[in-house]
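What follows is a short report on a single structure.
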Amino acid sequence: MANSVLDVHGLTKTIGSLVLFKDISFSIGEDRKVGLIARNGAGKSSLLNIICGDEDYDTGKIVYRKDLRVGYLPQHPEYLGDMTVMEACFSHGNELTDLIKGYTQALLNGQKDLDVWMERMDAADAWSYETRIKQVLTRLKITDLDQKVCNLSGGQLKRVAVANVLMMEPDLLVMDEPTNHLDIEMIEWLEHYLQNRNVSMLLVTHDRYFLDDVCTEILELDDKQMFSYKGNYSYYLEKRQARIDAQNSEIARANNLYRKELDWMRRMPSARGHKAKYRENNFYEIEAKAKQRMEEKRTVLEVRNTYIGNKIFEAKYISKSFGDKVILKDFYYNFSRYEKMGIVGNNGTGKSTFIKLLLGFLKPDSGSFSIGETVRFGYYSQEGMRFDTEMRVIDAVRDVAEYVDLGGGRKLSAMQLLQHFLFSPEQQHNYIYKLSGGERRRLYLCTVLMQNPNFLILDEPTNDLDIITLQILEEYLQHFKGCVIIVSHDRYFMDKVVDHLLVFHGDGEIKDFPGNYSQYREWDDCRIDKERREKELTAKGDTFPCPNQKVRLNQKRRLSYKEQKELESLSVEIDRLEQEKKVLEDELCSGTLSVDKITAISKRLPVLSQELDEKSMRWLELTEIAES
């Protein structure tokens, strides 16, 4: 590639008998922002470590542009515990920080060549470096610069590392999950920051809006091979599907030829000349291609959920504080049946505390929760993943349940559920300690879903999960016949799943918004713009109405677009079911049916009645909201 900063040729990496990738090649061009996508455990982090010189590889060649400065943000950054935040930001040893350290040392030692150091500081504009570091740290909500890094949380440490690597101003910026532990406000700031920087970049992230808005190229590591797409994430999705369709057609052709050649091989010709030997060798190549699998079209996992009644939970004027910090203040909310709620807000505003109050892990200072008798919670949390790492994967799931009930007498085994969540039969019999961090998260998710809950609470479910797993989870939640609360900073994930938001602003202020995150952001941007423009007015009475002004927070919610379409379809469906029920009842009364037909109708009618009751109840709920 012309003007490339990095060229990788024929790179192979194995860990024991596991081949992560084999003979892969790619380049990163100057000022190109490249996103790397792969399943958990496919070797994304290993590849980044190899490029940054922190991990060995088996074969291949890596060529860097001369004098290339590489800045690396690892997934789990580490610093010496006795460092302060500011010292950590000077610890990466680039030219600028080395210059500042040299000047500081010259100043302390009273060296005679201090003027030379000052000239070099002027030329490099190094005087403002500390100010720029403080500005970036402030935007990332790190304000105590004298705090020891050993006292920082994992999220705070990640933010210090983000500031650190950004201020290096490298030629090639390598980032592994930069959005993990950042709230939406910080993610959008980082997104904007990177969009406006002329820097080559290679990043791994599950945040699909981030990929779409920042990246100009996508690399996909799939089945030990590397595929390149010259466009953003949306372009990648389109072209990837075309590649899969073409590969499936090729596999289908290979299967047809394989059957023909297999018949020839079985006939075992007694004399094989050179031509026959060539055909025999070619057979094994055809066989390998025919046995390839592209597991892209997965069936929807329609697990039958435990029945959930009309009463879900009611938060009755809840208040909760920690010292002077107010989390909730006289908060009231009545949760609806089948509601899919998202909870958003900056870190520290009380999102996880609210979940723990609801689940009874914390007690409110005042107020109470009234929870329906039929509610059965399933809780996925950041802290909840605890496994005996010496256990096998399949045993960890079987400890929860052997089967998942799909309804209608159908069952899904623990092994089948794991396969749906991308654990091959071989991986299922591996020990848990062999799994990557993302694979353990995926296993934890399986153990939660295996419990057949009718109310799922997911606290930051997208951290450390790959995009393919997120797509499976989104599909599952869209068809989930129960209630859902999701706390997440993943905007794409929220838009796909939720139809309603609670927005935590801090100091006990919580806003109720009927819609997904993008709809809320559009409304909020309009509100902010309206307020800004109104402040600029000098003429009395002038106003700038917001296009979405009809939205009112903290009032009874209205039907979302998804619910409106559901209400329309329910009316049609109920009419159809009632007509079918009437026809079956008339047939039963006719006296002309055979015994087999009577038996079939007798089995169908109870199922039909239950389905009618559920749809009618849902229709009534939506109608009440629409008429309120």
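Residue numbering restarts at 1 for every chain of the structure tokens, chains are lettered A, B, ... in their displayed order, and ligands are numbered from 1 as they appear.
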
task = Would you list the contacts of segment 485-493 of chain A as a ChimeraX atom specification, taking every protein, DNA or RNA residue within 8 Å and counting only C-alpha atoms, but skipping same-chain residues closer than 2 positions in sequence?
result = /A:182-184,207-209,340-344,351-352,455-462,470,474,483,495-498,517-518

key: Which of segment 413-522 of chain A fall in alpha helix (DSSP H), as a PyMOL selection string   = chain A and resi 414-420+425-428+437-449+467-478+491-497+517-522

Wanna dump the segment 147-203 of chain A-segment 5-12 of chain A contacts at 10 Å for me, each residue with its shortest atom pair and the distance in Å to one decimal, counting only C-alpha atoms, ordered by chain and number, as JSON lines?
```
{"residue": "A:Asp171", "atom": "CA", "partner": "A:Val5", "partner_atom": "CA", "distance": 8.0}
{"residue": "A:Leu172", "atom": "CA", "partner": "A:Val5", "partner_atom": "CA", "distance": 7.5}
{"residue": "A:Ser200", "atom": "CA", "partner": "A:Val5", "partner_atom": "CA", "distance": 7.7}
{"residue": "A:Met201", "atom": "CA", "partner": "A:Val5", "partner_atom": "CA", "distance": 10.0}
```

Write a file of the just-selected residues containing N, CA and C atoms, as a CSV table (one decimal), in the first residue's frame.
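Written file, result_5.csv:
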```
chain,number,residue,atom,x,y,z
A,171,ASP,N,2.0,8.5,15.7
A,171,ASP,CA,1.7,8.4,14.2
A,171,ASP,C,0.7,7.2,14.0
A,172,LEU,N,0.8,6.2,14.8
A,172,LEU,CA,-0.1,5.1,14.8
A,172,LEU,C,-0.7,4.9,16.2
A,200,SER,N,-3.1,7.7,12.0
A,200,SER,CA,-3.4,6.4,11.6
A,200,SER,C,-3.9,5.6,12.9
A,201,MET,N,-4.8,4.7,12.7
A,201,MET,CA,-5.4,4.1,13.9
A,201,MET,C,-5.8,2.7,13.6
```

request  = Give the answer as one residue: which of A:Asp67, A:Val19, A:Gly506, A:Leu477 has the shortest atom-to-atom distance to Met494 of chain A, using only C-alpha atoms?
outcome  = A:Leu477

inquiry  = Applying 8 Å and only C-alpha atoms, which residues near Ala401 of chain A remain after dropping the ones on its own chain fewer than 5 positions away? List them as a list in words.
reply    =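 Those residues are Ala414, Met450 and Gln451 of chain A.
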
Take the residues from that selection and put them in a file with N, CA and C atoms, as a PDB file, in the first residue's frame.
```pdb
ATOM      1  N   ALA A 414     -28.391 -27.951  27.364  1.00  0.00           N
ATOM      2  CA  ALA A 414     -27.314 -27.018  27.713  1.00  0.00           C
ATOM      3  C   ALA A 414     -26.302 -26.927  26.571  1.00  0.00           C
ATOM      4  N   MET A 450     -30.247 -19.380  31.045  1.00  0.00           N
ATOM      5  CA  MET A 450     -30.634 -20.774  31.280  1.00  0.00           C
ATOM      6  C   MET A 450     -31.649 -20.891  32.414  1.00  0.00           C
ATOM      7  N   GLN A 451     -31.764 -19.854  33.235  1.00  0.00           N
ATOM      8  CA  GLN A 451     -32.657 -19.904  34.401  1.00  0.00           C
ATOM      9  C   GLN A 451     -34.115 -19.586  34.053  1.00  0.00           C
TER      10      GLN A 451
END
```

Using only C-alpha atoms, tabulate the residues of segment 337-447 of chain A lying at most 12 Å from any atom of segment 610-620 of chain A, each with its closest atom pair and that distance in Å to one decimal, by chain and increasing residue number, as a Markdown table.
```
| residue | atom | partner | partner_atom | distance |
| --- | --- | --- | --- | --- |
| A:Arg337 | CA | A:Arg618 | CA | 8.1 |
| A:Tyr338 | CA | A:Arg618 | CA | 8.6 |
| A:Glu339 | CA | A:Arg618 | CA | 11.0 |
```

Please produce an output containing C-alpha atoms for each residue in the selection, written as a PDB file, in the first residue's frame.
```pdb
ATOM      1  CA  ARG A 337     -45.834  -5.603  31.403  1.00  0.00           C
ATOM      2  CA  TYR A 338     -43.432  -6.478  28.535  1.00  0.00           C
ATOM      3  CA  GLU A 339     -41.677  -3.125  28.898  1.00  0.00           C
TER       4      GLU A 339
END
```

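Atom CA of Asp56 of chain A is positioned 29.3 Å from atom CA of Glu87 of chain A.
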
query = DSSP on the backbone: what in segment 433-497 of chain A comes out strand (DSSP E or B), as a ChimeraX atom specification?
reply = /A:455-459,483-487

request  = Between A:Asp125, A:Thr469, A:Ile528, A:Met415, single out the one closest to Leu99 of chain A, counting only C-alpha atoms.
outcome  = A:Asp125

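Remark: for Ser228 of chain A, the closest of the candidate residues A:Asn347, A:Ser25, A:Ser381, A:Ser4 is A:Ser25 (distances computed over only C-alpha atoms).
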
ask   = Looking at A:Gln75, A:Asn180, A:Thr216, A:Ser249, which one is nearest to Ser234 of chain A, with distances taken over only C-alpha atoms?
value =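 So, comparing all the options, the nearest one is A:Thr216.
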
Long-range neighbours of Ser602 of chain A as JSON, numbers by chain, 12 Å cut-off, only C-alpha atoms, 2 positions minimum in chain = {"A": [581, 584, 585, 587, 588, 593, 595, 596, 597, 598, 599, 600, 604, 605, 606, 607, 608, 609]}

Using the selection just defined, write its residues with C-alpha atoms as a PDB file, in the first residue's frame.
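Listing of part-v8.pdb after writing:
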```pdb
ATOM      1  CA  LYS A 581     -61.836 -20.486  17.529  1.00  0.00           C
ATOM      2  CA  LEU A 584     -63.303 -25.066  15.531  1.00  0.00           C
ATOM      3  CA  GLU A 585     -66.213 -24.804  18.001  1.00  0.00           C
ATOM      4  CA  GLU A 587     -66.975 -28.133  13.813  1.00  0.00           C
ATOM      5  CA  LEU A 588     -67.077 -29.773  17.251  1.00  0.00           C
ATOM      6  CA  LEU A 593     -66.051 -35.393  12.858  1.00  0.00           C
ATOM      7  CA  VAL A 595     -62.221 -39.364  16.456  1.00  0.00           C
ATOM      8  CA  ASP A 596     -58.790 -38.170  15.234  1.00  0.00           C
ATOM      9  CA  LYS A 597     -60.217 -34.810  14.168  1.00  0.00           C
ATOM     10  CA  ILE A 598     -61.997 -34.337  17.499  1.00  0.00           C
ATOM     11  CA  THR A 599     -58.759 -35.137  19.353  1.00  0.00           C
ATOM     12  CA  ALA A 600     -56.798 -32.625  17.259  1.00  0.00           C
ATOM     13  CA  ARG A 604     -55.782 -26.945  19.713  1.00  0.00           C
ATOM     14  CA  LEU A 605     -58.604 -25.132  21.540  1.00  0.00           C
ATOM     15  CA  PRO A 606     -56.837 -24.693  24.956  1.00  0.00           C
ATOM     16  CA  VAL A 607     -53.704 -23.419  23.229  1.00  0.00           C
ATOM     17  CA  LEU A 608     -55.827 -21.063  21.147  1.00  0.00           C
ATOM     18  CA  SER A 609     -57.680 -19.758  24.211  1.00  0.00           C
TER      19      SER A 609
END
```
